[in-house]
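A.B. asks: Structure file run_8.txt (compact mmCIF, C-alpha atoms and all ligand atoms) right here:
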```txt
# COMPACT_ATOMS: atom_id res chain seq x y z
CA MET A 4 -70.25 98.24 -148.00
CA HIS A 5 -72.38 97.37 -144.96
CA ARG A 6 -75.97 98.48 -144.60
CA VAL A 7 -75.45 99.51 -140.96
CA ILE A 8 -72.39 99.65 -138.76
CA VAL A 9 -72.79 99.77 -134.99
CA ILE A 10 -69.82 101.41 -133.27
CA GLY A 11 -69.44 100.07 -129.75
CA ARG A 12 -70.01 96.47 -128.70
CA GLY A 13 -71.11 97.06 -125.13
CA LEU A 14 -74.46 96.42 -123.49
CA ILE A 15 -76.42 98.79 -125.72
CA GLY A 16 -74.44 98.42 -128.97
CA SER A 17 -74.41 94.63 -128.92
CA ALA A 18 -78.17 94.60 -128.25
CA ALA A 19 -78.73 97.03 -131.12
CA GLY A 20 -76.65 94.80 -133.38
CA ARG A 21 -78.83 91.79 -132.58
CA HIS A 22 -82.11 93.67 -133.04
CA LEU A 23 -80.88 95.25 -136.28
CA THR A 24 -80.56 91.76 -137.76
CA ASP A 25 -84.36 91.49 -137.48
CA LEU A 26 -84.75 94.62 -139.60
CA THR A 27 -82.02 94.39 -142.25
CA ASP A 28 -79.15 92.37 -143.62
CA GLY A 29 -75.63 93.79 -143.88
CA VAL A 30 -75.17 94.56 -140.16
CA ALA A 31 -71.65 95.04 -138.77
CA VAL A 32 -70.82 95.54 -135.10
CA LEU A 33 -67.46 97.19 -134.41
CA GLY A 34 -65.86 97.17 -130.98
CA PRO A 35 -62.85 95.76 -129.19
CA ASP A 36 -62.76 92.78 -126.85
CA GLU A 37 -62.07 93.33 -123.17
CA PRO A 38 -58.36 94.08 -122.65
CA ALA A 39 -56.35 91.20 -121.19
CA ASP A 40 -54.31 93.57 -119.00
CA ARG A 41 -56.09 96.75 -117.98
CA ALA A 42 -53.06 98.39 -116.38
CA SER A 43 -51.09 98.47 -119.64
CA HIS A 44 -53.99 98.86 -122.10
CA ALA A 45 -53.74 101.92 -124.37
CA GLY A 46 -57.11 101.54 -126.12
CA VAL A 47 -60.67 102.27 -125.01
CA PHE A 48 -62.42 100.64 -122.06
CA ALA A 49 -66.05 99.79 -121.26
CA SER A 50 -68.45 99.85 -118.33
CA HIS A 51 -69.30 96.16 -118.63
CA TYR A 52 -66.08 94.47 -117.49
CA ASP A 53 -67.77 92.87 -114.50
CA GLU A 54 -69.91 89.92 -113.40
CA GLY A 55 -72.76 91.72 -111.64
CA ARG A 56 -75.35 94.30 -112.61
CA MET A 57 -78.66 94.64 -110.79
CA THR A 58 -81.77 94.10 -112.84
CA ARG A 59 -85.36 94.65 -111.78
CA ILE A 60 -88.57 96.31 -112.86
CA VAL A 61 -89.19 98.58 -109.89
CA ASP A 62 -87.80 102.08 -110.27
CA PRO A 63 -89.16 105.49 -109.32
CA ASP A 64 -89.04 106.45 -113.00
CA PRO A 65 -91.62 104.65 -115.17
CA VAL A 66 -89.36 104.93 -118.26
CA TRP A 67 -86.62 102.90 -116.60
CA ALA A 68 -89.17 100.47 -115.19
CA VAL A 69 -90.92 99.68 -118.47
CA THR A 70 -87.70 99.37 -120.47
CA ALA A 71 -86.30 97.05 -117.80
CA LYS A 72 -89.46 94.95 -117.91
CA ARG A 73 -89.34 94.63 -121.68
CA SER A 74 -85.64 93.72 -121.53
CA ILE A 75 -86.06 91.17 -118.75
CA GLU A 76 -88.87 89.49 -120.71
CA ARG A 77 -86.39 88.83 -123.53
CA TYR A 78 -83.51 87.47 -121.38
CA ALA A 79 -84.69 83.85 -121.48
CA ASP A 80 -85.00 83.79 -125.28
CA LEU A 81 -81.54 85.27 -125.68
CA GLU A 82 -80.07 82.71 -123.27
CA ALA A 83 -81.85 79.88 -125.09
CA GLU A 84 -80.81 81.13 -128.53
CA THR A 85 -77.13 81.34 -127.64
CA GLY A 86 -76.71 78.86 -124.80
CA ILE A 87 -75.04 81.67 -122.83
CA ARG A 88 -76.47 82.17 -119.33
CA PHE A 89 -76.24 85.70 -117.99
CA PHE A 90 -79.26 86.20 -115.69
CA THR A 91 -79.67 85.05 -112.06
CA GLU A 92 -83.09 85.48 -110.51
CA SER A 93 -81.97 86.38 -106.97
CA GLY A 94 -84.62 89.07 -106.34
CA TYR A 95 -84.17 92.71 -105.34
CA LEU A 96 -84.69 94.66 -102.12
CA ALA A 97 -85.04 98.44 -102.01
CA ILE A 98 -84.35 99.88 -98.56
CA GLY A 99 -85.80 103.30 -97.86
CA GLY A 100 -86.17 105.46 -94.81
CA PRO A 101 -88.63 107.94 -93.34
CA GLY A 102 -89.30 111.08 -95.32
CA ALA A 103 -88.13 109.61 -98.63
CA ASP A 104 -90.53 108.59 -101.36
CA TYR A 105 -88.19 106.23 -103.24
CA VAL A 106 -89.92 103.08 -102.04
CA ALA A 107 -93.44 104.44 -102.57
CA ARG A 108 -92.66 105.64 -106.11
CA SER A 109 -90.92 102.40 -106.98
CA GLU A 110 -93.90 100.45 -105.65
CA ALA A 111 -96.29 102.50 -107.79
CA THR A 112 -94.39 101.83 -111.04
CA GLY A 113 -93.91 98.21 -110.09
CA ARG A 114 -97.63 97.68 -109.43
CA ALA A 115 -98.58 99.38 -112.70
CA LEU A 116 -96.32 96.97 -114.57
CA GLY A 117 -97.36 93.83 -112.70
CA ALA A 118 -94.03 93.30 -110.90
CA ASP A 119 -93.86 90.63 -108.20
CA ILE A 120 -93.47 93.00 -105.24
CA THR A 121 -94.04 92.98 -101.48
CA ARG A 122 -93.77 95.90 -99.10
CA LEU A 123 -91.81 95.19 -95.89
CA ASP A 124 -91.29 97.06 -92.63
CA ALA A 125 -88.02 96.85 -90.64
CA ALA A 126 -89.12 93.68 -88.84
CA GLY A 127 -90.16 92.17 -92.16
CA ILE A 128 -86.77 92.98 -93.69
CA ARG A 129 -84.89 91.45 -90.75
CA GLY A 130 -87.19 88.43 -90.68
CA ARG A 131 -86.58 87.65 -94.31
CA PHE A 132 -82.92 88.72 -94.52
CA ALA A 133 -81.40 87.98 -91.12
CA PHE A 134 -77.97 89.21 -92.23
CA LEU A 135 -79.20 92.81 -92.64
CA ALA A 136 -78.89 95.32 -89.79
CA VAL A 137 -81.49 97.96 -90.63
CA PRO A 138 -82.85 100.68 -88.29
CA ASP A 139 -86.37 100.38 -86.86
CA ASP A 140 -87.74 103.04 -89.20
CA ALA A 141 -86.44 101.34 -92.37
CA GLU A 142 -88.94 100.32 -95.02
CA GLY A 143 -88.41 97.89 -97.83
CA LEU A 144 -89.77 96.83 -101.19
CA HIS A 145 -88.97 93.31 -102.29
CA GLU A 146 -89.22 92.25 -105.93
CA GLY A 147 -89.11 88.49 -106.41
CA ALA A 148 -89.68 86.85 -109.76
CA ARG A 149 -87.68 88.25 -112.70
CA ALA A 150 -85.50 90.52 -110.54
CA GLY A 151 -81.89 89.77 -109.72
CA HIS A 152 -78.57 90.29 -111.42
CA LEU A 153 -76.98 89.75 -114.79
CA SER A 154 -73.40 89.24 -115.84
CA PRO A 155 -72.74 92.17 -118.18
CA ARG A 156 -69.76 90.34 -119.69
CA ALA A 157 -71.87 87.29 -120.47
CA MET A 158 -74.74 89.41 -121.75
CA VAL A 159 -72.47 91.20 -124.23
CA ARG A 160 -71.16 87.79 -125.30
CA ALA A 161 -74.72 86.51 -125.79
CA GLN A 162 -75.88 89.57 -127.75
CA THR A 163 -72.76 89.41 -129.92
CA GLU A 164 -73.18 85.69 -130.55
CA ALA A 165 -76.86 86.07 -131.41
CA ALA A 166 -76.06 88.89 -133.84
CA ARG A 167 -73.30 86.78 -135.41
CA GLN A 168 -75.57 83.73 -135.76
CA ARG A 169 -78.13 85.92 -137.51
CA GLY A 170 -75.57 87.07 -140.07
CA ALA A 171 -73.95 90.17 -138.55
CA THR A 172 -70.23 90.74 -139.07
CA ILE A 173 -68.37 91.27 -135.79
CA ILE A 174 -65.23 93.39 -136.06
CA ALA A 175 -62.88 93.53 -133.05
CA ASP A 176 -61.34 96.96 -133.61
CA GLU A 177 -61.74 100.56 -132.41
CA ALA A 178 -63.24 103.41 -134.40
CA THR A 179 -61.01 106.45 -134.68
CA ALA A 180 -63.32 108.55 -136.86
CA VAL A 181 -66.85 108.51 -138.24
CA ARG A 182 -67.30 110.62 -141.39
CA ALA A 183 -70.45 111.34 -143.35
CA VAL A 184 -69.75 110.83 -147.05
CA ALA A 185 -71.96 110.79 -150.13
CA GLY A 186 -74.42 107.92 -149.77
CA GLY A 187 -73.34 106.88 -146.30
CA VAL A 188 -70.57 106.91 -143.74
CA GLU A 189 -66.93 105.95 -143.50
CA VAL A 190 -65.46 104.66 -140.27
CA GLY A 191 -61.71 104.73 -139.76
CA THR A 192 -60.32 102.19 -137.31
CA ALA A 193 -57.27 101.94 -135.08
CA GLY A 194 -56.34 98.82 -137.04
CA GLY A 195 -55.96 100.95 -140.17
CA ARG A 196 -59.16 99.95 -141.94
CA THR A 197 -61.77 102.15 -143.56
CA LEU A 198 -65.22 100.62 -143.22
CA ARG A 199 -68.14 101.87 -145.32
CA ALA A 200 -71.82 101.66 -144.53
CA GLU A 201 -75.09 103.31 -145.50
CA ARG A 202 -75.79 104.16 -141.86
CA ALA A 203 -73.99 104.18 -138.53
CA LEU A 204 -75.11 103.87 -134.93
CA VAL A 205 -72.68 105.21 -132.35
CA ALA A 206 -72.97 103.36 -129.01
CA ALA A 207 -69.49 103.76 -127.55
CA GLY A 208 -70.57 104.57 -123.97
CA ALA A 209 -68.19 106.69 -121.90
CA PHE A 210 -65.74 107.09 -124.80
CA THR A 211 -68.23 108.51 -127.31
CA ASP A 212 -67.36 112.20 -126.87
CA ALA A 213 -63.72 111.61 -125.98
CA CYS A 214 -63.21 109.72 -129.27
CA GLY A 215 -65.19 112.34 -131.24
CA LEU A 216 -67.47 109.69 -132.72
CA SER A 217 -70.73 111.68 -132.86
CA PRO A 218 -71.22 114.60 -135.25
CA VAL A 219 -72.98 116.32 -132.34
CA ASP A 220 -70.93 116.94 -129.19
CA LEU A 221 -73.21 115.13 -126.75
CA GLN A 222 -71.70 116.92 -123.73
CA LEU A 223 -71.92 113.71 -121.76
CA ARG A 224 -70.85 113.90 -118.14
CA ILE A 225 -68.63 110.95 -117.27
CA PHE A 226 -67.95 110.08 -113.65
CA GLY A 227 -65.44 107.58 -112.37
CA ARG A 228 -66.91 104.97 -110.04
CA THR A 229 -65.18 102.77 -107.52
CA VAL A 230 -66.62 99.44 -106.50
CA LEU A 231 -65.55 97.50 -103.42
CA LEU A 232 -65.57 93.71 -103.49
CA ALA A 233 -65.57 91.53 -100.39
CA ARG A 234 -64.35 87.98 -100.97
CA ILE A 235 -66.81 85.47 -99.56
CA ASP A 236 -64.86 82.35 -98.67
CA ASP A 237 -66.58 79.00 -98.16
CA ASP A 238 -66.84 79.46 -94.39
CA MET A 239 -68.88 82.68 -94.88
CA GLU A 240 -71.16 81.45 -97.66
CA GLY A 241 -73.97 80.50 -95.26
CA ASP A 242 -74.05 84.00 -93.78
CA PHE A 243 -75.56 85.43 -96.94
CA ALA A 244 -77.91 82.63 -97.99
CA GLY A 245 -80.88 83.95 -99.95
CA MET A 246 -79.32 87.37 -100.46
CA THR A 247 -80.96 89.59 -103.07
CA THR A 248 -79.49 92.55 -104.86
CA ILE A 249 -80.04 95.64 -102.69
CA GLY A 250 -80.63 99.30 -103.44
CA HIS A 251 -80.18 101.69 -100.50
CA ALA A 252 -82.20 104.79 -101.26
CA GLU A 253 -80.69 107.17 -98.72
CA THR A 254 -77.08 106.72 -99.86
CA GLY A 255 -77.57 105.56 -103.45
CA ALA A 256 -75.62 102.39 -102.60
CA TYR A 257 -76.16 99.28 -104.68
CA ILE A 258 -75.10 95.92 -103.33
CA LEU A 259 -74.84 92.60 -105.13
CA PRO A 260 -74.90 89.19 -103.44
CA PRO A 261 -71.90 86.84 -103.65
CA ILE A 262 -71.21 86.16 -107.36
CA ARG A 263 -68.46 84.00 -108.84
CA TYR A 264 -65.74 85.92 -110.72
CA PRO A 265 -63.24 84.64 -113.29
CA ASP A 266 -60.57 84.08 -110.59
CA GLY A 267 -62.83 81.37 -109.11
CA HIS A 268 -63.73 83.32 -105.95
CA ARG A 269 -67.13 84.67 -104.99
CA TYR A 270 -67.40 88.38 -104.23
CA LEU A 271 -70.11 90.51 -102.65
CA LYS A 272 -69.95 93.95 -104.21
CA ILE A 273 -70.95 97.50 -103.29
CA GLY A 274 -70.86 100.76 -105.20
CA ILE A 275 -72.24 104.15 -104.22
CA GLY A 276 -73.20 106.62 -106.91
CA SER A 277 -72.50 110.33 -106.67
CA THR A 278 -72.01 113.27 -108.98
CA ASP A 279 -69.52 114.84 -106.56
CA ASP A 280 -66.58 113.05 -108.15
CA ALA A 281 -64.47 114.97 -110.68
CA PRO A 282 -65.82 114.33 -114.18
CA LEU A 283 -63.57 112.51 -116.64
CA ARG A 284 -63.33 114.72 -119.72
CA SER A 285 -60.57 113.58 -122.05
CA ARG A 286 -59.59 110.20 -123.37
CA ALA A 287 -56.45 110.43 -121.23
CA ASP A 288 -58.61 111.07 -118.12
CA LEU A 289 -60.76 108.06 -118.96
CA THR A 290 -57.97 105.61 -119.72
CA GLY A 291 -56.02 106.77 -116.67
CA TRP A 292 -59.05 106.12 -114.47
CA PHE A 293 -59.88 102.72 -115.97
CA ARG A 294 -56.27 101.60 -115.53
CA SER A 295 -56.47 102.43 -111.82
CA ALA A 296 -58.05 100.41 -109.00
CA GLY A 297 -60.34 103.30 -108.06
CA SER A 298 -60.48 105.57 -105.04
CA GLU A 299 -58.87 104.70 -101.69
CA ALA A 300 -61.23 107.10 -99.86
CA ASN A 301 -64.23 105.29 -101.37
CA ARG A 302 -62.73 101.98 -100.28
CA ARG A 303 -62.65 103.07 -96.64
CA ASP A 304 -66.11 104.65 -96.67
CA PHE A 305 -67.78 101.79 -98.54
CA GLN A 306 -66.24 99.15 -96.30
CA ALA A 307 -67.47 100.92 -93.16
CA PHE A 308 -70.97 101.41 -94.58
CA LEU A 309 -71.26 97.85 -95.89
CA THR A 310 -70.02 96.25 -92.69
CA ALA A 311 -72.54 98.26 -90.67
CA LEU A 312 -75.37 97.02 -92.92
CA LEU A 313 -74.06 93.43 -93.19
CA PRO A 314 -72.25 92.84 -89.87
CA ALA A 315 -71.12 89.31 -90.87
CA LEU A 316 -68.66 91.01 -93.24
CA ALA A 317 -66.51 91.89 -90.22
CA ARG A 318 -65.07 88.38 -90.73
CA CYS A 319 -64.16 89.07 -94.36
CA ARG A 320 -60.43 88.56 -94.91
CA HIS A 321 -59.99 90.04 -98.35
CA TRP A 322 -61.28 93.25 -99.88
CA HIS A 323 -60.32 94.92 -103.14
CA THR A 324 -61.55 97.73 -105.36
CA ASP A 325 -62.09 98.17 -109.07
CA SER A 326 -62.82 101.15 -111.31
CA CYS A 327 -65.65 101.81 -113.74
CA ALA A 328 -67.36 104.87 -115.23
CA VAL A 329 -70.92 106.08 -115.69
CA THR A 330 -72.19 108.22 -118.55
CA TRP A 331 -74.81 110.86 -117.76
CA THR A 332 -76.96 112.71 -120.24
CA ALA A 333 -78.76 115.99 -119.56
CA THR A 334 -82.14 114.21 -119.63
CA GLY A 335 -81.32 111.33 -117.28
CA LEU A 336 -82.28 108.94 -120.08
CA PRO A 337 -80.17 107.60 -122.94
CA TYR A 338 -80.01 109.64 -126.12
CA ILE A 339 -81.43 107.44 -128.87
CA ASP A 340 -81.77 109.67 -131.88
CA HIS A 341 -80.33 110.69 -135.21
CA ALA A 342 -77.35 113.00 -134.88
CA LEU A 343 -76.92 113.62 -138.61
CA ASP A 344 -79.85 113.16 -141.07
CA ASP A 345 -80.64 109.46 -141.40
CA ARG A 346 -76.98 108.42 -141.68
CA ILE A 347 -75.64 108.71 -138.13
CA ALA A 348 -77.62 107.91 -134.99
CA VAL A 349 -76.51 107.59 -131.38
CA ALA A 350 -77.55 105.31 -128.49
CA VAL A 351 -75.59 106.58 -125.52
CA GLY A 352 -76.03 107.35 -121.84
CA GLY A 353 -76.71 104.54 -119.38
CA ASN A 354 -76.91 107.13 -116.56
CA GLY A 355 -75.45 104.60 -114.14
CA LYS A 356 -78.28 102.12 -114.57
CA GLY A 357 -78.32 101.19 -118.23
CA ALA A 358 -77.57 97.48 -117.96
CA LYS A 359 -81.01 96.27 -116.91
CA SER A 360 -82.75 98.04 -119.80
CA ALA A 361 -79.93 97.71 -122.34
CA ASP A 362 -81.72 95.18 -124.50
CA ASP A 363 -84.65 97.56 -124.93
CA TRP A 364 -82.42 100.57 -125.56
CA GLY A 365 -80.79 98.49 -128.29
CA TRP A 366 -84.21 97.50 -129.65
CA LEU A 367 -85.21 101.16 -129.89
CA ALA A 368 -81.88 102.20 -131.42
CA ALA A 369 -82.26 99.58 -134.14
CA ARG A 370 -85.68 101.01 -135.02
CA VAL A 371 -84.39 104.59 -135.11
CA VAL A 372 -81.52 103.62 -137.42
CA MET A 373 -83.79 101.79 -139.82
CA GLY A 374 -86.62 104.34 -139.67
CA ALA A 375 -89.04 101.65 -138.42
CA ASP A 376 -92.22 102.46 -136.47
CA TRP A 377 -91.48 103.51 -132.90
CA ASP A 378 -94.16 101.19 -131.41
CA HIS A 379 -92.99 101.60 -127.79
CA PRO A 380 -94.65 102.77 -124.53
CA VAL A 381 -92.01 105.50 -123.99
CA GLU A 382 -92.60 108.58 -126.13
CA ARG A 383 -89.91 109.05 -128.72
CA ASP A 384 -89.31 112.67 -127.69
CA ARG A 385 -88.10 111.53 -124.26
CA LEU A 386 -85.00 110.03 -125.86
CA ARG A 387 -84.19 112.74 -128.38
CA LEU A 388 -81.08 114.91 -128.28
CA PRO A 389 -81.80 118.28 -126.66
CA ASP A 390 -82.04 121.05 -129.29
CA ARG A 391 -79.25 123.05 -127.66
CA LEU A 392 -76.78 120.25 -128.50
CA ARG A 393 -77.74 120.30 -132.15
CA SER A 394 -77.05 124.00 -132.53
CA GLY A 395 -73.34 123.17 -132.28
CA ALA A 396 -73.54 120.22 -134.71
CA ALA A 397 -71.07 119.98 -137.55
CA GLY A 398 -72.14 119.02 -141.07
C1 LIG A 401 -69.69 100.36 -111.20
C2 LIG A 401 -70.93 100.33 -112.05
C3 LIG A 401 -72.02 99.63 -111.60
C4 LIG A 401 -73.18 99.59 -112.38
N1 LIG A 401 -74.24 98.90 -111.91
C5 LIG A 401 -75.36 98.79 -112.64
C6 LIG A 401 -76.44 98.00 -112.20
O1 LIG A 401 -76.38 97.39 -111.14
N2 LIG A 401 -77.53 97.93 -112.98
C7 LIG A 401 -77.63 98.59 -114.17
O2 LIG A 401 -78.68 98.48 -114.81
N3 LIG A 401 -76.59 99.32 -114.63
C8 LIG A 401 -75.48 99.45 -113.91
N4 LIG A 401 -74.41 100.17 -114.36
C9 LIG A 401 -74.52 100.88 -115.64
C10 LIG A 401 -74.25 100.01 -116.84
O3 LIG A 401 -73.12 99.19 -116.69
C11 LIG A 401 -74.07 100.95 -118.03
O4 LIG A 401 -75.21 101.82 -118.09
C12 LIG A 401 -73.94 100.21 -119.33
O5 LIG A 401 -72.73 99.48 -119.34
C13 LIG A 401 -73.97 101.19 -120.50
O6 LIG A 401 -73.94 100.48 -121.71
P1 LIG A 401 -73.24 101.11 -122.98
O7 LIG A 401 -73.38 100.11 -124.06
O8 LIG A 401 -73.72 102.49 -123.17
O9 LIG A 401 -71.71 101.27 -122.56
P2 LIG A 401 -70.61 100.13 -122.40
O10 LIG A 401 -71.22 98.92 -121.80
O11 LIG A 401 -69.45 100.75 -121.72
O12 LIG A 401 -70.22 99.80 -123.90
C14 LIG A 401 -69.60 100.74 -124.74
C15 LIG A 401 -68.77 99.96 -125.73
O13 LIG A 401 -68.19 100.85 -126.65
C16 LIG A 401 -66.89 100.39 -126.94
N5 LIG A 401 -66.13 101.51 -127.46
C17 LIG A 401 -65.67 102.61 -126.81
N6 LIG A 401 -64.98 103.39 -127.65
C18 LIG A 401 -65.02 102.79 -128.86
C19 LIG A 401 -64.46 103.10 -130.11
N7 LIG A 401 -63.72 104.20 -130.30
N8 LIG A 401 -64.68 102.26 -131.15
C20 LIG A 401 -65.41 101.13 -130.98
N9 LIG A 401 -65.95 100.78 -129.78
C21 LIG A 401 -65.75 101.60 -128.75
C22 LIG A 401 -66.38 99.84 -125.64
O14 LIG A 401 -65.34 98.90 -125.89
C23 LIG A 401 -67.63 99.19 -125.08
O15 LIG A 401 -67.71 97.83 -125.40
C24 LIG A 401 -73.24 100.25 -113.61
C25 LIG A 401 -72.12 100.95 -114.07
C26 LIG A 401 -70.97 100.99 -113.29
C27 LIG A 401 -69.79 101.75 -113.79
```
Here is the file; what I need is its structure written in the form of structure tokens.
C.D. replies:
Amino acid sequence: MHRVIVIGRGLIGSAAGRHLTDLTDGVAVLGPDEPADRASHAGVFASHYDEGRMTRIVDPDPVWAVTAKRSIERYADLEAETGIRFFTESGYLAIGGPGADYVARSEATGRALGADITRLDAAGIRGRFAFLAVPDDAEGLHEGARAGHLSPRAMVRAQTEAARQRGATIIADEATAVRAVAGGVEVGTAGGRTLRAERALVAAGAFTDACGLSPVDLQLRIFGRTVLLARIDDDMEGDFAGMTTIGHAETGAYILPPIRYPDGHRYLKIGIGSTDDAPLRSRADLTGWFRSAGSEANRRDFQAFLTALLPALARCRHWHTDSCAVTWTATGLPYIDHALDDRIAVAVGGNGKGAKSADDWGWLAARVVMGADWDHPVERDRLRLPDRLRSGAAG
């Protein structure tokens, strides 16, 4: 019998597992490893099978900004504790245009939190980042220290390793059912086990509803996302020297500088978020999407957009796409709340930008599960499940 079982070993679940070890013994973290072959994998997938996620304080929404700040402040300790490096301090550049308040709102939250930021006009952007072709009316916000990118794979490894070193049991298996029973919960697994715990935290990302793991139907909206990766060979490396991560306010595009991937090559990556794509509703929809290489239409559009912004990419000889999925809640923030008395809680809903703040979402989830003081600048009510979801709750 475990004290707490965390279901889902992604960015939020693995962080919760680590932080739970500060509050209790008897922690178990249940979740599969990354599949070796995505195309033939029949199990669940995750949104962290990648080497690059942008991380920064500045954000138009103060909740995302403060949780990112608190997370970023803990990166170095986690790296030191585990010896696993996951953060690269490359900086961040937001590019906005006339009539949009993205840059101004991001600047305001950044200033309030003491971020290392500088406002730039179009000439300033071009002067600092010669590889960028921006229009004359572009405006920019640069964040320097403590902004950059993290490897989500390596961060999950680090969180998992820290939790293990602090006594947590790591179980590489999938949950098939979570049942409330007298005195606790039972979790059935695909491997045929029945795990028992006093409490459970469900943090299974995009698969949470599709696997029926929460006693409340969270009505998450899951959207497939395609990313386009441009291979940066040695002869192009100099073209992108000093490149930051980039957020393009007008299109919602996010761009990561050349990062080394497991195949040994360096790739510069772009994704563009939208809620126009068909939502992925069932487990079959989700697995079908994750097994695919993404959308061919996105590939064409992203390549044209990216090459216009970074003209040196016209020389790129190799492009490929990959698929991922984002999990949206009705509130635009993760749900971190009890779903069934004090036995089953959830920590779900990265809303397309959950990586940077994941350590803090996990910190909060650990406190909810254990009934510890909230002690956090974001009001607890902001992260609760909407009442209308609970009216359909079972049990
Ligand atoms: C293309 C793309 C780009 C992104 N870029 C950024 C970015 O630049 N910056 C940023 O901050 N965020 C970004 N995000 C968002 C970020 O990756 C997610 O918000 C984050 O991964 C969410 O964490 P999570 O723990 O909720 O989900 P995940 O990381 O997906 O983890 C969920 C875990 O649950 C496990 N699981 C699922 N089902 C079960 C089951 N039945 N039993 C047990 N375990 C299960 C999975 O194996 C997985 O490990 C991006 C997302 C995508 C798709």
A.B. asks: So, counting all atoms listed in the file, which residue among A:Ala252, A:Ile98, A:Leu232, A:Leu33 is closest to A:Thr163?
C.D. replies: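 Ranked by minimum distance to A:Thr163, first place goes to A:Leu33.
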A.B. asks: Tell me, as a PyMOL selection string, which residues lie within 12 Å of A:Pro380, counting only C-alpha atoms; anything in the same chain fewer than 5 positions away does not count.
C.D. replies: chain A and resi 65-70+72-73+116+363+367+385
A.B. asks: Write the residues of the preceding selection, restricted to C-alpha atoms, as a PDB file, keeping the file's coordinate frame.
C.D. replies:
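As written to disk, out_31.pdb reads:
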```pdb
ATOM      1  CA  PRO A  65     -91.620 104.650-115.170  1.00  0.00           C
ATOM      2  CA  VAL A  66     -89.360 104.930-118.260  1.00  0.00           C
ATOM      3  CA  TRP A  67     -86.620 102.900-116.600  1.00  0.00           C
ATOM      4  CA  ALA A  68     -89.170 100.470-115.190  1.00  0.00           C
ATOM      5  CA  VAL A  69     -90.920  99.680-118.470  1.00  0.00           C
ATOM      6  CA  THR A  70     -87.700  99.370-120.470  1.00  0.00           C
ATOM      7  CA  LYS A  72     -89.460  94.950-117.910  1.00  0.00           C
ATOM      8  CA  ARG A  73     -89.340  94.630-121.680  1.00  0.00           C
ATOM      9  CA  LEU A 116     -96.320  96.970-114.570  1.00  0.00           C
ATOM     10  CA  ASP A 363     -84.650  97.560-124.930  1.00  0.00           C
ATOM     11  CA  LEU A 367     -85.210 101.160-129.890  1.00  0.00           C
ATOM     12  CA  ARG A 385     -88.100 111.530-124.260  1.00  0.00           C
TER      13      ARG A 385
END
```
A.B. asks: Rank nothing, just name the residue among A:Ala166, A:Ala333, A:Ile60, A:Ala157 nearest to A:Arg114, using only C-alpha atoms.
C.D. replies: A:Ile60
A.B. asks: What residues have an atom no more than 10 Å from (-64.4, 98.0, -121.4) in the file's own frame, counting all atoms listed in the file, and can you write them as a list in words?
C.D. replies: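 Those within range, by chain then number, are Gly11, Arg12, Gly13, Gly34, Pro35, Asp36, Glu37, Pro38, Arg41, Gly46, Val47, Phe48, Ala49, Ser50, His51, Tyr52, Asp53, Arg156, Ala207, Gly208, Ala209, Phe210, Phe293, Cys327 and Ala328 of chain A.
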A.B. asks: I need the residue nearest ligand LIG 401 (chain A) from this list: A:His152, A:His22, A:Arg131, A:Arg370. Use all atoms listed in the file for the distance.
C.D. replies: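 The answer is A:His152, which sits nearest to ligand LIG 401 (chain A).
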A.B. asks: Here is a test: counting all atoms listed in the file, which residue of A:Gln306, A:Thr248, A:Thr254, A:Ser295 is nearest to ligand LIG 401 (chain A)?
C.D. replies: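 The answer is A:Thr248, which sits nearest to ligand LIG 401 (chain A).
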A.B. asks: Please indicate the distance in Å from atom CA of A:Thr91 to atom CA of A:Ile120, rounded to one decimal place.
C.D. replies: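 A separation of 17.3 Å between them.
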A.B. asks: Kindly provide, as lines of an AutoDock Vina configuration file, the centre and edge lengths (Å, one decimal) of an axis-aligned box around all atoms of ligand LIG 401 (chain A) given in the file, with 8 Å on each side.
C.D. replies:
```
center_x = -71.2
center_y = 100.8
center_z = -121.1
size_x = 31.0
size_y = 22.8
size_z = 36.0
```
A.B. asks: Which residues come within 12 Å of stretch 183-188 of chain A, counting all atoms listed in the file, excluding same-chain residues fewer than 3 positions away, as a ChimeraX atom specification?
C.D. replies: /A:4-10,180,191,197-205,216-218,342-348,397-398
A.B. asks: Between A:Leu388, A:Ala361, A:Val381, A:Ala103, which one has atoms that come closest to A:Arg21, using only C-alpha atoms?
C.D. replies: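 When distances to A:Arg21 are compared using only C-alpha atoms, the smallest one comes from A:Ala361.
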A.B. asks: If you measure from atom CA of A:Pro282 to atom CA of A:Asp325, what distance in Å do you get, rounded to one decimal?
C.D. replies: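 It comes out at 17.4 Å.
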A.B. asks: What is the distance between atom CA of A:Ser17 and atom C14 of ligand LIG 401 (chain A), in Å to one decimal?
C.D. replies: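 Straight-line distance from atom CA of A:Ser17 to atom C14 of ligand LIG 401 (chain A) works out to 8.8 Å.
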A.B. asks: Could you tell me which of A:Asp362, A:Asp238, A:Glu164, A:Asp288 comes closest to A:Ala213 if we count only C-alpha atoms?
C.D. replies: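 Using only C-alpha atoms, the shortest distance to A:Ala213 belongs to A:Asp288.
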A.B. asks: I'd like the contact shell of A:Ala83 - 12 Å cut-off, all atoms listed in the file, skipping same-chain residues fewer than 6 positions apart - returned as a VMD selection string.
C.D. replies: chain A and resid 77 89 to 90 161 to 162 164 to 165
A.B. asks: Can you pull out the residues contacting A:Gly357? Cut-off 10 Å, using all atoms listed in the file, and skip same-chain residues under 3 positions away; I want them as a count of residues only.
C.D. replies: 22
A.B. asks: Contacts of A:Ser326 at 6 Å or less, counting only C-alpha atoms, minus same-chain residues fewer than 5 places along, as a ChimeraX atom specification?
C.D. replies: /A:228-229,293,296-297
A.B. asks: Export, as a short mmCIF file (atom, residue, chain, number, x, y, z; two decimals), keeping the file's coordinate frame, the selected residues with C-alpha atoms.
C.D. replies:
```
data_model
loop_
_atom_site.label_atom_id
_atom_site.label_comp_id
_atom_site.auth_asym_id
_atom_site.auth_seq_id
_atom_site.Cartn_x
_atom_site.Cartn_y
_atom_site.Cartn_z
CA ARG A 228 -66.91 104.97 -110.04
CA THR A 229 -65.18 102.77 -107.52
CA PHE A 293 -59.88 102.72 -115.97
CA ALA A 296 -58.05 100.41 -109.00
CA GLY A 297 -60.34 103.30 -108.06
#
```
